[in-house]
Amino acid sequence: MIELYVENNKVDINESFSTILTLAIDDIKDFGAKNSTFSKTILLPGTKNNNKLFGNIFSINAANEYNSGAANVGINFNAAIAANAIIFADNMQVFKGIFRVLEVIVDDGFIEYECAVFGELGGFIASLGTKKLEDLDFGIADVAWTNTNIANSWNSIAGSGVYFPLIDYGAVSSNKVDFDFKAFRPALYVKEYLTNIINTSGYTWDFPLLSTSLFNRLIIPNNQKSLTKSSTTAFKASVTDYTYTSASAIKFTSITSGSFSFNTGTDLITYGGASAINTNISLMVSGQINSIDPSNTFVNFEFMKGATLLAVEIINASYTPYYFTVNLSVSNVTINPSDTLAVNVVTSGLPPNYRLYGDNFKIETTTPTDVQLNYGDNIVINDTIPKGILQKDFFSSIVKMFNLYIFEDYTTEKKIKISPFVTFYEDATAGDWSLKVDRSKPMRIKPMSELNSRYYGYKYKSDNDFYAENYRKKYNEGYGDYIYDSFYEFAKETTTVELIFAQSVLYQYNGTDKIYPAIYKLSNSNQAEDKIDSVIRILQAKKITGVSSWALKNGGTTLASYTAYGYAGHLDDPITSTFDLNFGVPKEIIFTTTSYTPNNLFNVYWSTYLAEITDKDSRLLTVTMKLSNKDIYNLDFSKLIWVDGVLYRLNKIEDFNASKEDTSKVELVKIINRIY
């Protein structure tokens with residue numbers, strides 16, 4: 001007896017109802033792919049009950065308001081949204097996942113629904129859709145960008161909160177000993193990214209690896225050219241407290257620079273934005289005139305855009321000291337890229353002696369723009385998340401890094417289990433399926449060399465920062481990449497596993513003792529460090545102690561001195577490493593280390609898998625078996641299987657018919673060694 005439930009409502013089926021399921025954990029033919037249970041097309045009759053359950057969608061004029069908080073059934077049914085489904089065969093659950101209506105057939109008044117079901121993994125990925133990382137809300141309050149918060153973050157590395165690692169983003173240090181606070185931007189933990197993704201997906205999971213020390217120290221650093229906030233204040237400066245002895249341009253001190261920059265004398269401001277802006281400018285200047293030419297008491301304050309006069313105010317200083325405030329504010333000014341702004345003091349007589357000390361110069365835009373953050377500003381943590389990254393791509397890259405197997409929890413609704421291949425079969429108990437084999441059908445034994453490629457490439461995404469690009473040009477491969485050679489003579493193809501992350505080259509300046517990623521371009525004969533927007537990175541965090549005293553600075557001001565720093569890199573410790581986020585050992589490193597660990601992503605999480613499927617004696621056995629509903633109910637891909645005295649891993653069950661006693665095609669991968 002077959003029963004189908006959608007959102008806990010029993011669905012009517014007819015006598016010819018057939019559920020053909022394919023159950024899989026891996027796909028040897030599609031390297032790196034992870035599979036879930038799915039069905040062939042299911043035909044359901046258009047009964048009164050079914051029509052009601054599916055919201056009468058057979059009617060062209062049918063329309064309803066969808067409520068995401070209610071069950072996807074009845075008047076709330078939405079064919080574009082997954083509905084929960086369970087299939088029972090002889091009172092035993094043989095499927096749990098999601099249900100979809102693919103098409104409705106109306107023929108001479110008769111209605112049929114073409115449907116399909118998919119396992120929890122397919123439903124989980126579908127629930128992520130086009131959601132991006134920046135759609136996540138970490139629930140972390142704004143953090144002031146101060147030396148105290150930077151240093152305190154190094155003391156607690158436990159998979160949550162904000163961490164401020166040392167990363168040389170370019171032009172943040174003149175001697176590579178002392179570093180500006182801008183070298184320490186907020187990073188968020190991978191563990192919290194994944195937790196937020198699962199929490200907003202409507203699913204739960206059992207993911208033991210997420211609670212390990214490894215995942216507690218994995219971070220995603222900020223990858224923007226500069227740390228910014230959204231504001232209508234595109235530029236803000238204060239008048240520098242300064243005494244002038246000649247008529248000249250007024251000096252300013254930057255508060256918020258955004259896309260504007262000062263010259264060396266801080267009296268000329270250049271707009272460096274990519275497009276023109278139309279803006280209002282508020283400019284007030286206060287000061288005092290100490291002495292002036294008695295024959296000419298007039299002083300002009302002229303606000304200039306290049307050679308164009310925007311505003312002018314004339315002061316008649318008939319006596320000294322003369323205290324004044326001038327207003328040079330203007331509205332609806334168009335500022336084009338490379339335009340310059342300045343306030344000139346002009347007099348026709350002898351230059352006056354005057355002091356300026358108050359008020360502000362502020363450029364306000366009608367539309368909020370991104371402006372650079374300064375020391376002490378509050379950082380909106382959600383604004384620092386890498387932009388444009390799909391959550392499903394992020395999750396997929398984590399799966400690829402650690403060779404994770406994903407499978408459904410058969411007892412809990414909308415729950416998936418995740419385990420690395422290296423531990424998935426760790427406590428596997430073998431069962432004997434020899435008697436289930438249909439001996440009247442041929443057994444196909446295929447050498448794995450016929451299924452696999454000659455080479456297997458493990459790659460990080462390329463980026464154009466100086467050291468990564470230099471390494472790639474020198475060795476014709478990416479830093480941290482690895483190529484495995486199976487030595488199959490009849491195979492020529494290369495199969496590649498590529499991540500969305502770029503790898504970060506670790507760097508150590510000669511004569512110094514701090515090691516850190518350097519992510520910038522070099523220009524002007526490799527002398528100028530240019531900040532860049534970079535590809536998303538993934539690193540390991542650790543507080544490194546015992547280094548020579550160094551200063552954390554804000555420009556020329558020393559904020560604090562330390563003998564420790566917040567490290568981030570592909571190694572868990574750059575001096576005495578025990579785990580490496582690279583797939584392979586780099587051919588060259590530009591830092592000093594006492595030992596370099598071989599425990600990288602390939603050796604720890606992939607080598608056993610590759611050793612097994614590329615062994616000369618490795619085989620893929622395809623047989624026909626008669627499996628019962630009880631077999632499917634008790635199915636566990638982590639349990640090993642004996643067939644005719646040979647030990648196998650179950651890879652796929654294809655075309656299992658839960659509706660009647662029949663045979664299915666079963667794929668089994670021969671085990672060469674239990675431990676490699």
# chains A, B, ... in the order shown; residues from 1 in each chain; ligands from 1
call {"tool": "residues_around", "arguments": {"residues": "Phe262 in chain A", "least_positions_apart": "3", "cutoff": "10 Å", "atoms": "only C-alpha atoms", "output": "JSON, numbers by chain"}}
result
{"A": [251, 252, 253, 254, 257, 265, 266, 267, 268, 269, 270, 271, 340, 341]}
call {"tool": "residues_around", "arguments": {"residues": "range 125-134 of chain A", "least_positions_apart": "2", "cutoff": "7 Å", "atoms": "only C-alpha atoms", "output": "VMD selection string"}}
result
chain A and resid 121 to 123 136 201 382 385 to 392
call {"tool": "residues_around", "arguments": {"residues": "Asp142 in chain A", "least_positions_apart": "5", "cutoff": "9 Å", "atoms": "only C-alpha atoms", "output": "ChimeraX atom specification"}}
result
/A:378-382
call {"tool": "select_by_dssp", "arguments": {"residues": "range 11-203 of chain A", "states": "strand (DSSP E)", "output": "JSON list (two decimals) with N, CA and C atoms, in the first residue's frame"}}
result
[["chain", "number", "residue", "atom", "x", "y", "z"],
["A", 11, "VAL", "N", -2.88, 12.65, -0.05],
["A", 11, "VAL", "CA", -3.19, 12.92, -1.45],
["A", 11, "VAL", "C", -3.82, 11.66, -2.06],
["A", 20, "ILE", "N", 8.78, 6.04, -8.90],
["A", 20, "ILE", "CA", 10.10, 5.54, -9.27],
["A", 20, "ILE", "C", 11.13, 6.49, -8.68],
["A", 21, "LEU", "N", 11.88, 6.00, -7.69],
["A", 21, "LEU", "CA", 12.84, 6.85, -6.98],
["A", 21, "LEU", "C", 14.27, 6.49, -7.36],
["A", 22, "THR", "N", 15.10, 7.51, -7.41],
["A", 22, "THR", "CA", 16.55, 7.31, -7.52],
["A", 22, "THR", "C", 17.18, 7.91, -6.27],
["A", 23, "LEU", "N", 17.95, 7.09, -5.56],
["A", 23, "LEU", "CA", 18.58, 7.51, -4.31],
["A", 23, "LEU", "C", 20.08, 7.47, -4.50],
["A", 24, "ALA", "N", 20.76, 8.56, -4.15],
["A", 24, "ALA", "CA", 22.21, 8.62, -4.38],
["A", 24, "ALA", "C", 22.87, 9.48, -3.32],
["A", 38, "PHE", "N", 15.46, 11.67, -5.88],
["A", 38, "PHE", "CA", 14.49, 12.33, -6.74],
["A", 38, "PHE", "C", 13.64, 11.27, -7.42],
["A", 39, "SER", "N", 12.53, 11.71, -7.99],
["A", 39, "SER", "CA", 11.62, 10.75, -8.61],
["A", 39, "SER", "C", 11.45, 11.07, -10.08],
["A", 42, "ILE", "N", 5.37, 11.71, -11.48],
["A", 42, "ILE", "CA", 4.27, 11.05, -10.78],
["A", 42, "ILE", "C", 2.96, 11.62, -11.32],
["A", 43, "LEU", "N", 2.03, 10.76, -11.67],
["A", 43, "LEU", "CA", 0.72, 11.21, -12.16],
["A", 43, "LEU", "C", -0.31, 11.07, -11.04],
["A", 44, "LEU", "N", -1.00, 12.17, -10.75],
["A", 44, "LEU", "CA", -2.03, 12.18, -9.71],
["A", 44, "LEU", "C", -3.36, 12.57, -10.34],
["A", 45, "PRO", "N", -4.44, 11.91, -9.91],
["A", 45, "PRO", "CA", -5.77, 12.22, -10.50],
["A", 45, "PRO", "C", -6.33, 13.53, -9.95],
["A", 83, "ALA", "N", 6.66, 22.21, -1.38],
["A", 83, "ALA", "CA", 5.77, 21.72, -0.32],
["A", 83, "ALA", "C", 6.39, 20.47, 0.28],
["A", 84, "ASN", "N", 6.24, 20.28, 1.57],
["A", 84, "ASN", "CA", 6.78, 19.10, 2.23],
["A", 84, "ASN", "C", 6.03, 17.85, 1.78],
["A", 85, "ALA", "N", 6.77, 16.75, 1.61],
["A", 85, "ALA", "CA", 6.14, 15.51, 1.15],
["A", 85, "ALA", "C", 6.75, 14.30, 1.85],
["A", 86, "ILE", "N", 5.91, 13.30, 2.10],
["A", 86, "ILE", "CA", 6.34, 12.02, 2.66],
["A", 86, "ILE", "C", 5.62, 10.92, 1.89],
["A", 87, "ILE", "N", 6.36, 9.84, 1.56],
["A", 87, "ILE", "CA", 5.75, 8.68, 0.91],
["A", 87, "ILE", "C", 5.93, 7.47, 1.82],
["A", 88, "PHE", "N", 4.83, 6.79, 2.08],
["A", 88, "PHE", "CA", 4.85, 5.55, 2.86],
["A", 88, "PHE", "C", 4.55, 4.38, 1.94],
["A", 89, "ALA", "N", 5.27, 3.29, 2.15],
["A", 89, "ALA", "CA", 4.99, 2.04, 1.45],
["A", 89, "ALA", "C", 4.85, 0.95, 2.50],
["A", 92, "MET", "N", 5.75, 2.04, 5.91],
["A", 92, "MET", "CA", 7.15, 2.40, 6.16],
["A", 92, "MET", "C", 7.52, 3.60, 5.30],
["A", 93, "GLN", "N", 8.16, 4.58, 5.90],
["A", 93, "GLN", "CA", 8.56, 5.77, 5.15],
["A", 93, "GLN", "C", 9.69, 5.43, 4.20],
["A", 94, "VAL", "N", 9.46, 5.65, 2.90],
["A", 94, "VAL", "CA", 10.50, 5.38, 1.90],
["A", 94, "VAL", "C", 11.01, 6.67, 1.25],
["A", 95, "PHE", "N", 10.32, 7.78, 1.57],
["A", 95, "PHE", "CA", 10.78, 9.06, 1.02],
["A", 95, "PHE", "C", 10.33, 10.20, 1.94],
["A", 96, "LYS", "N", 11.21, 11.21, 2.08],
["A", 96, "LYS", "CA", 10.88, 12.45, 2.78],
["A", 96, "LYS", "C", 11.62, 13.58, 2.07],
["A", 97, "GLY", "N", 10.88, 14.58, 1.65],
["A", 97, "GLY", "CA", 11.52, 15.69, 0.95],
["A", 97, "GLY", "C", 10.52, 16.74, 0.54],
["A", 98, "ILE", "N", 10.60, 17.17, -0.72],
["A", 98, "ILE", "CA", 9.71, 18.23, -1.19],
["A", 98, "ILE", "C", 8.93, 17.75, -2.41],
["A", 99, "PHE", "N", 7.80, 18.39, -2.64],
["A", 99, "PHE", "CA", 6.85, 18.02, -3.69],
["A", 99, "PHE", "C", 6.68, 19.20, -4.64],
["A", 100, "ARG", "N", 6.60, 18.90, -5.96],
["A", 100, "ARG", "CA", 6.38, 19.94, -6.96],
["A", 100, "ARG", "C", 5.31, 19.50, -7.95],
["A", 101, "VAL", "N", 4.44, 20.43, -8.33],
["A", 101, "VAL", "CA", 3.53, 20.21, -9.45],
["A", 101, "VAL", "C", 4.22, 20.76, -10.70],
["A", 102, "LEU", "N", 4.48, 19.87, -11.67],
["A", 102, "LEU", "CA", 5.18, 20.27, -12.88],
["A", 102, "LEU", "C", 4.25, 20.77, -13.97],
["A", 103, "GLU", "N", 3.09, 20.11, -14.09],
["A", 103, "GLU", "CA", 2.16, 20.46, -15.16],
["A", 103, "GLU", "C", 0.77, 19.92, -14.82],
["A", 104, "VAL", "N", -0.24, 20.64, -15.29],
["A", 104, "VAL", "CA", -1.62, 20.19, -15.13],
["A", 104, "VAL", "C", -2.19, 19.88, -16.51],
["A", 105, "ILE", "N", -2.75, 18.67, -16.65],
["A", 105, "ILE", "CA", -3.32, 18.25, -17.93],
["A", 105, "ILE", "C", -4.84, 18.22, -17.79],
["A", 106, "VAL", "N", -5.52, 18.98, -18.64],
["A", 106, "VAL", "CA", -6.98, 18.99, -18.68],
["A", 106, "VAL", "C", -7.41, 18.43, -20.03],
["A", 107, "ASP", "N", -8.11, 17.30, -20.01],
["A", 107, "ASP", "CA", -8.49, 16.61, -21.26],
["A", 107, "ASP", "C", -9.96, 16.21, -21.17],
["A", 110, "PHE", "N", -11.38, 15.88, -17.79],
["A", 110, "PHE", "CA", -10.59, 15.10, -16.85],
["A", 110, "PHE", "C", -9.29, 15.86, -16.52],
["A", 111, "ILE", "N", -8.91, 15.82, -15.26],
["A", 111, "ILE", "CA", -7.74, 16.57, -14.78],
["A", 111, "ILE", "C", -6.70, 15.60, -14.24],
["A", 112, "GLU", "N", -5.44, 15.83, -14.61],
["A", 112, "GLU", "CA", -4.32, 15.06, -14.07],
["A", 112, "GLU", "C", -3.20, 16.02, -13.72],
["A", 113, "TYR", "N", -2.48, 15.67, -12.66],
["A", 113, "TYR", "CA", -1.35, 16.48, -12.23],
["A", 113, "TYR", "C", -0.05, 15.70, -12.45],
["A", 114, "GLU", "N", 0.86, 16.28, -13.23],
["A", 114, "GLU", "CA", 2.20, 15.71, -13.35],
["A", 114, "GLU", "C", 3.07, 16.32, -12.26],
["A", 115, "CYS", "N", 3.63, 15.46, -11.42],
["A", 115, "CYS", "CA", 4.35, 15.94, -10.24],
["A", 115, "CYS", "C", 5.69, 15.23, -10.12],
["A", 116, "ALA", "N", 6.48, 15.68, -9.18],
["A", 116, "ALA", "CA", 7.76, 15.03, -8.87],
["A", 116, "ALA", "C", 8.11, 15.33, -7.43],
["A", 117, "VAL", "N", 8.94, 14.49, -6.86],
["A", 117, "VAL", "CA", 9.44, 14.72, -5.50],
["A", 117, "VAL", "C", 10.96, 14.75, -5.53],
["A", 118, "PHE", "N", 11.54, 15.53, -4.61],
["A", 118, "PHE", "CA", 12.99, 15.69, -4.51],
["A", 118, "PHE", "C", 13.41, 15.59, -3.05],
["A", 119, "GLY", "N", 14.60, 15.06, -2.84],
["A", 119, "GLY", "CA", 15.11, 14.91, -1.48],
["A", 119, "GLY", "C", 15.38, 16.23, -0.80],
["A", 143, "VAL", "N", 30.10, 48.40, 15.55],
["A", 143, "VAL", "CA", 31.34, 48.32, 16.33],
["A", 143, "VAL", "C", 32.20, 49.55, 16.02],
["A", 144, "ALA", "N", 32.62, 50.24, 17.04],
["A", 144, "ALA", "CA", 33.49, 51.40, 16.84],
["A", 144, "ALA", "C", 34.87, 50.94, 16.37],
["A", 162, "VAL", "N", 33.13, 39.46, 15.95],
["A", 162, "VAL", "CA", 33.90, 40.20, 14.95],
["A", 162, "VAL", "C", 35.39, 40.07, 15.27],
["A", 163, "TYR", "N", 36.18, 39.81, 14.25],
["A", 163, "TYR", "CA", 37.62, 39.64, 14.40],
["A", 163, "TYR", "C", 38.32, 40.65, 13.48],
["A", 179, "PHE", "N", 51.61, 49.58, 11.85],
["A", 179, "PHE", "CA", 50.52, 49.54, 10.88],
["A", 179, "PHE", "C", 49.41, 50.51, 11.27],
["A", 180, "ASP", "N", 48.84, 51.14, 10.23],
["A", 180, "ASP", "CA", 47.69, 51.99, 10.43],
["A", 180, "ASP", "C", 46.47, 51.15, 10.81],
["A", 187, "ALA", "N", 36.33, 41.04, 10.19],
["A", 187, "ALA", "CA", 36.08, 39.76, 9.52],
["A", 187, "ALA", "C", 35.01, 39.02, 10.32],
["A", 188, "LEU", "N", 34.18, 38.28, 9.61],
["A", 188, "LEU", "CA", 33.14, 37.48, 10.26],
["A", 188, "LEU", "C", 33.46, 36.00, 10.08],
["A", 189, "TYR", "N", 32.96, 35.20, 10.99],
["A", 189, "TYR", "CA", 33.31, 33.78, 11.03],
["A", 189, "TYR", "C", 32.45, 32.95, 10.07]]
call {"tool": "atom_distance", "arguments": {"atom1": "CA of Gly74 in chain A", "atom2": "CA of Glu3 in chain A"}}
result
18.8 Å
call {"tool": "residues_around", "arguments": {"residues": "range 578-589 of chain A", "least_positions_apart": "2", "cutoff": "10 Å", "atoms": "only C-alpha atoms", "output": "short mmCIF file (atom, residue, chain, number, x, y, z; two decimals) with N, CA, C and O atoms, in the first residue's frame"}}
result
data_model
loop_
_atom_site.label_atom_id
_atom_site.label_comp_id
_atom_site.auth_asym_id
_atom_site.auth_seq_id
_atom_site.Cartn_x
_atom_site.Cartn_y
_atom_site.Cartn_z
N LEU A 214 38.59 23.82 14.03
CA LEU A 214 38.89 24.31 12.68
C LEU A 214 37.84 25.33 12.24
O LEU A 214 38.18 26.44 11.81
N LEU A 218 37.79 29.70 11.24
CA LEU A 218 37.67 30.12 9.85
C LEU A 218 36.94 31.46 9.76
O LEU A 218 35.88 31.63 10.36
N MET A 401 35.46 22.17 -0.49
CA MET A 401 36.71 22.26 0.26
C MET A 401 36.93 21.02 1.12
O MET A 401 38.02 20.44 1.13
N PHE A 402 35.88 20.62 1.83
CA PHE A 402 36.02 19.57 2.83
C PHE A 402 35.41 18.24 2.37
O PHE A 402 35.24 17.34 3.18
N GLY A 457 42.10 18.64 -10.90
CA GLY A 457 42.60 19.93 -10.46
C GLY A 457 41.77 20.49 -9.32
O GLY A 457 40.54 20.51 -9.37
N TYR A 458 42.46 20.96 -8.29
CA TYR A 458 41.82 21.61 -7.14
C TYR A 458 42.30 23.05 -7.12
O TYR A 458 43.49 23.30 -6.95
N LYS A 459 41.36 23.98 -7.31
CA LYS A 459 41.77 25.35 -7.56
C LYS A 459 40.98 26.35 -6.72
O LYS A 459 39.78 26.19 -6.50
N TYR A 460 41.72 27.38 -6.29
CA TYR A 460 41.07 28.59 -5.79
C TYR A 460 40.84 29.52 -6.97
O TYR A 460 41.50 29.41 -8.00
N TYR A 471 52.89 34.93 -8.54
CA TYR A 471 53.05 33.48 -8.37
C TYR A 471 52.49 32.73 -9.57
O TYR A 471 53.10 31.79 -10.08
N LYS A 474 54.71 33.00 -12.56
CA LYS A 474 55.98 32.29 -12.38
C LYS A 474 55.82 30.78 -12.49
O LYS A 474 56.68 30.09 -13.07
N TYR A 475 54.72 30.24 -11.95
CA TYR A 475 54.57 28.78 -11.89
C TYR A 475 53.41 28.25 -12.74
O TYR A 475 53.14 27.04 -12.73
N GLU A 477 50.31 28.31 -12.28
CA GLU A 477 49.24 27.75 -11.46
C GLU A 477 48.98 28.71 -10.32
O GLU A 477 49.78 29.60 -10.02
N GLY A 478 47.82 28.56 -9.68
CA GLY A 478 47.47 29.45 -8.58
C GLY A 478 48.14 29.03 -7.28
O GLY A 478 48.42 27.85 -7.05
N TYR A 479 48.38 29.99 -6.43
CA TYR A 479 48.93 29.74 -5.10
C TYR A 479 47.92 28.90 -4.31
O TYR A 479 46.77 29.28 -4.15
N GLY A 480 48.38 27.75 -3.84
CA GLY A 480 47.49 26.88 -3.07
C GLY A 480 46.76 25.84 -3.89
O GLY A 480 46.02 25.03 -3.34
N ASP A 481 46.92 25.87 -5.23
CA ASP A 481 46.25 24.88 -6.08
C ASP A 481 47.02 23.56 -6.06
O ASP A 481 48.17 23.48 -5.65
N TYR A 482 46.34 22.51 -6.56
CA TYR A 482 46.98 21.19 -6.61
C TYR A 482 46.39 20.39 -7.77
O TYR A 482 45.19 20.45 -8.03
N ILE A 483 47.24 19.65 -8.46
CA ILE A 483 46.80 18.76 -9.54
C ILE A 483 47.20 17.33 -9.18
O ILE A 483 48.37 17.05 -8.93
N TYR A 484 46.21 16.45 -9.17
CA TYR A 484 46.44 15.03 -8.88
C TYR A 484 46.46 14.27 -10.20
O TYR A 484 45.56 14.42 -11.04
N GLN A 503 42.79 32.52 -3.00
CA GLN A 503 43.75 32.26 -1.94
C GLN A 503 44.56 33.52 -1.66
O GLN A 503 44.75 34.36 -2.54
N SER A 504 45.04 33.64 -0.43
CA SER A 504 45.78 34.83 -0.01
C SER A 504 47.23 34.45 0.27
O SER A 504 47.50 33.64 1.16
N VAL A 505 48.14 35.03 -0.50
CA VAL A 505 49.57 34.76 -0.33
C VAL A 505 50.03 35.39 0.98
O VAL A 505 49.79 36.57 1.24
N LEU A 506 50.71 34.59 1.81
CA LEU A 506 51.27 35.12 3.05
C LEU A 506 52.60 35.80 2.77
O LEU A 506 53.40 35.32 1.96
N TYR A 507 52.84 36.91 3.47
CA TYR A 507 53.99 37.76 3.18
C TYR A 507 54.68 38.17 4.47
O TYR A 507 54.02 38.38 5.50
N GLN A 508 56.00 38.27 4.42
CA GLN A 508 56.79 38.77 5.55
C GLN A 508 57.87 39.70 5.02
O GLN A 508 58.68 39.30 4.19
N ILE A 538 38.91 33.18 2.29
CA ILE A 538 38.63 32.41 3.49
C ILE A 538 39.97 32.11 4.16
O ILE A 538 40.91 31.66 3.50
N LEU A 539 40.06 32.41 5.46
CA LEU A 539 41.34 32.33 6.17
C LEU A 539 41.13 31.72 7.55
O LEU A 539 40.02 31.59 8.04
N GLN A 540 42.26 31.37 8.19
CA GLN A 540 42.24 30.90 9.57
C GLN A 540 42.76 32.01 10.48
O GLN A 540 43.69 32.73 10.13
N GLY A 569 45.42 33.77 7.87
CA GLY A 569 46.15 33.21 6.74
C GLY A 569 45.67 31.81 6.41
O GLY A 569 44.81 31.25 7.09
N HIS A 570 46.23 31.24 5.36
CA HIS A 570 45.82 29.89 4.97
C HIS A 570 46.36 28.84 5.93
O HIS A 570 45.83 27.73 6.02
N LEU A 571 47.43 29.15 6.68
CA LEU A 571 47.95 28.25 7.71
C LEU A 571 47.32 28.59 9.05
O LEU A 571 47.03 29.75 9.33
N ASP A 572 47.15 27.56 9.90
CA ASP A 572 46.60 27.84 11.22
C ASP A 572 47.61 28.58 12.09
O ASP A 572 47.23 29.34 12.98
N ASP A 573 48.90 28.38 11.84
CA ASP A 573 49.98 29.12 12.50
C ASP A 573 51.11 29.23 11.48
O ASP A 573 51.57 28.22 10.97
N PRO A 574 51.57 30.44 11.18
CA PRO A 574 52.56 30.58 10.11
C PRO A 574 53.94 30.06 10.48
O PRO A 574 54.75 29.80 9.59
N ILE A 575 54.21 29.90 11.76
CA ILE A 575 55.53 29.44 12.20
C ILE A 575 55.56 27.93 12.38
O ILE A 575 56.43 27.23 11.87
N THR A 576 54.60 27.41 13.14
CA THR A 576 54.52 25.96 13.39
C THR A 576 53.13 25.48 12.99
O THR A 576 52.26 25.28 13.83
N PHE A 591 57.87 33.91 3.38
CA PHE A 591 57.93 34.15 4.82
C PHE A 591 58.77 33.03 5.43
O PHE A 591 59.01 31.99 4.81
N THR A 592 59.22 33.25 6.65
CA THR A 592 60.08 32.29 7.34
C THR A 592 59.24 31.43 8.27
O THR A 592 58.43 31.94 9.05
N THR A 593 59.42 30.10 8.18
CA THR A 593 58.69 29.19 9.04
C THR A 593 59.61 28.07 9.50
O THR A 593 60.57 27.72 8.80
N SER A 595 58.44 24.97 10.26
CA SER A 595 57.94 23.73 9.66
C SER A 595 56.69 24.05 8.86
O SER A 595 55.92 24.93 9.24
N TYR A 596 56.53 23.33 7.75
CA TYR A 596 55.35 23.56 6.90
C TYR A 596 54.56 22.26 6.85
O TYR A 596 55.05 21.23 6.38
N THR A 597 53.32 22.32 7.31
CA THR A 597 52.50 21.11 7.44
C THR A 597 52.08 20.54 6.08
O THR A 597 51.78 21.28 5.15
N PRO A 598 52.05 19.20 5.95
CA PRO A 598 51.47 18.57 4.76
C PRO A 598 49.96 18.37 4.90
O PRO A 598 49.32 17.87 3.98
N ASN A 599 49.41 18.74 6.06
CA ASN A 599 47.98 18.53 6.31
C ASN A 599 47.16 19.64 5.66
O ASN A 599 46.77 20.61 6.31
N ASN A 600 46.93 19.50 4.36
CA ASN A 600 46.15 20.49 3.64
C ASN A 600 44.80 19.91 3.24
O ASN A 600 44.47 18.77 3.57
N LEU A 601 44.01 20.70 2.53
CA LEU A 601 42.66 20.25 2.16
C LEU A 601 42.69 18.97 1.35
O LEU A 601 41.87 18.07 1.55
N PHE A 602 43.63 18.85 0.40
CA PHE A 602 43.68 17.64 -0.42
C PHE A 602 44.08 16.43 0.41
O PHE A 602 43.40 15.40 0.40
N ASN A 603 45.19 16.53 1.12
CA ASN A 603 45.70 15.37 1.86
C ASN A 603 44.74 14.90 2.95
O ASN A 603 44.61 13.70 3.20
N VAL A 604 44.06 15.84 3.61
CA VAL A 604 43.20 15.47 4.73
C VAL A 604 41.81 15.04 4.26
O VAL A 604 41.27 14.03 4.73
N TYR A 605 41.23 15.76 3.29
CA TYR A 605 39.83 15.53 2.97
C TYR A 605 39.58 14.89 1.60
O TYR A 605 38.47 14.40 1.36
N TRP A 606 40.56 14.89 0.72
CA TRP A 606 40.33 14.37 -0.63
C TRP A 606 41.20 13.18 -1.02
O TRP A 606 40.83 12.41 -1.90
#
call {"tool": "atom_distance", "arguments": {"atom1": "CA of Ala518 in chain A", "atom2": "CA of Tyr467 in chain A"}}
result
7.4 Å
call {"tool": "closest_atom_pairs", "arguments": {"of": "range 161-233 of chain A", "to": "range 349-366 of chain A", "cutoff": "12 Å", "atoms": "only C-alpha atoms", "output": "JSON lines"}}
result
{"residue": "A:Ser230", "atom": "CA", "partner": "A:Thr365", "partner_atom": "CA", "distance": 11.3}
{"residue": "A:Ser231", "atom": "CA", "partner": "A:Thr365", "partner_atom": "CA", "distance": 8.5}
{"residue": "A:Thr232", "atom": "CA", "partner": "A:Thr365", "partner_atom": "CA", "distance": 5.0}
{"residue": "A:Thr233", "atom": "CA", "partner": "A:Glu364", "partner_atom": "CA", "distance": 4.6}
call {"tool": "residues_around", "arguments": {"residues": "range 432-445 of chain A", "least_positions_apart": "4", "cutoff": "8 Å", "atoms": "only C-alpha atoms", "output": "VMD selection string"}}
result
chain A and resid 619 to 627 641 to 644 663
call {"tool": "write_last_selection", "arguments": {"atoms": "N, CA and C atoms", "output": "short mmCIF file (atom, residue, chain, number, x, y, z; two decimals), in the first residue's frame"}}
result
data_model
loop_
_atom_site.label_atom_id
_atom_site.label_comp_id
_atom_site.auth_asym_id
_atom_site.auth_seq_id
_atom_site.Cartn_x
_atom_site.Cartn_y
_atom_site.Cartn_z
N ARG A 619 36.85 -0.55 -8.95
CA ARG A 619 35.81 -0.97 -9.88
C ARG A 619 34.47 -0.33 -9.49
N LEU A 620 33.67 -0.06 -10.52
CA LEU A 620 32.29 0.33 -10.30
C LEU A 620 31.42 -0.85 -10.72
N LEU A 621 30.74 -1.44 -9.75
CA LEU A 621 29.88 -2.59 -10.00
C LEU A 621 28.44 -2.12 -10.15
N THR A 622 27.83 -2.44 -11.28
CA THR A 622 26.41 -2.14 -11.50
C THR A 622 25.67 -3.46 -11.60
N VAL A 623 24.74 -3.66 -10.68
CA VAL A 623 23.98 -4.91 -10.64
C VAL A 623 22.49 -4.61 -10.51
N THR A 624 21.70 -5.62 -10.82
CA THR A 624 20.25 -5.52 -10.62
C THR A 624 19.91 -6.23 -9.32
N MET A 625 19.20 -5.53 -8.43
CA MET A 625 18.86 -6.10 -7.13
C MET A 625 17.37 -5.96 -6.88
N LYS A 626 16.86 -6.89 -6.13
CA LYS A 626 15.48 -6.79 -5.67
C LYS A 626 15.50 -6.26 -4.25
N LEU A 627 15.12 -5.00 -4.11
CA LEU A 627 15.12 -4.35 -2.81
C LEU A 627 13.70 -4.15 -2.34
N ILE A 641 28.67 -2.51 2.23
CA ILE A 641 27.88 -3.64 1.71
C ILE A 641 28.82 -4.72 1.17
N TRP A 642 28.53 -5.94 1.56
CA TRP A 642 29.23 -7.09 0.99
C TRP A 642 28.41 -7.64 -0.18
N VAL A 643 29.08 -7.94 -1.26
CA VAL A 643 28.47 -8.67 -2.38
C VAL A 643 29.48 -9.71 -2.84
N ASP A 644 29.12 -10.97 -2.67
CA ASP A 644 29.99 -12.08 -3.09
C ASP A 644 31.39 -11.97 -2.50
N THR A 663 12.70 -4.90 -9.49
CA THR A 663 14.15 -4.80 -9.31
C THR A 663 14.61 -3.38 -9.61
#
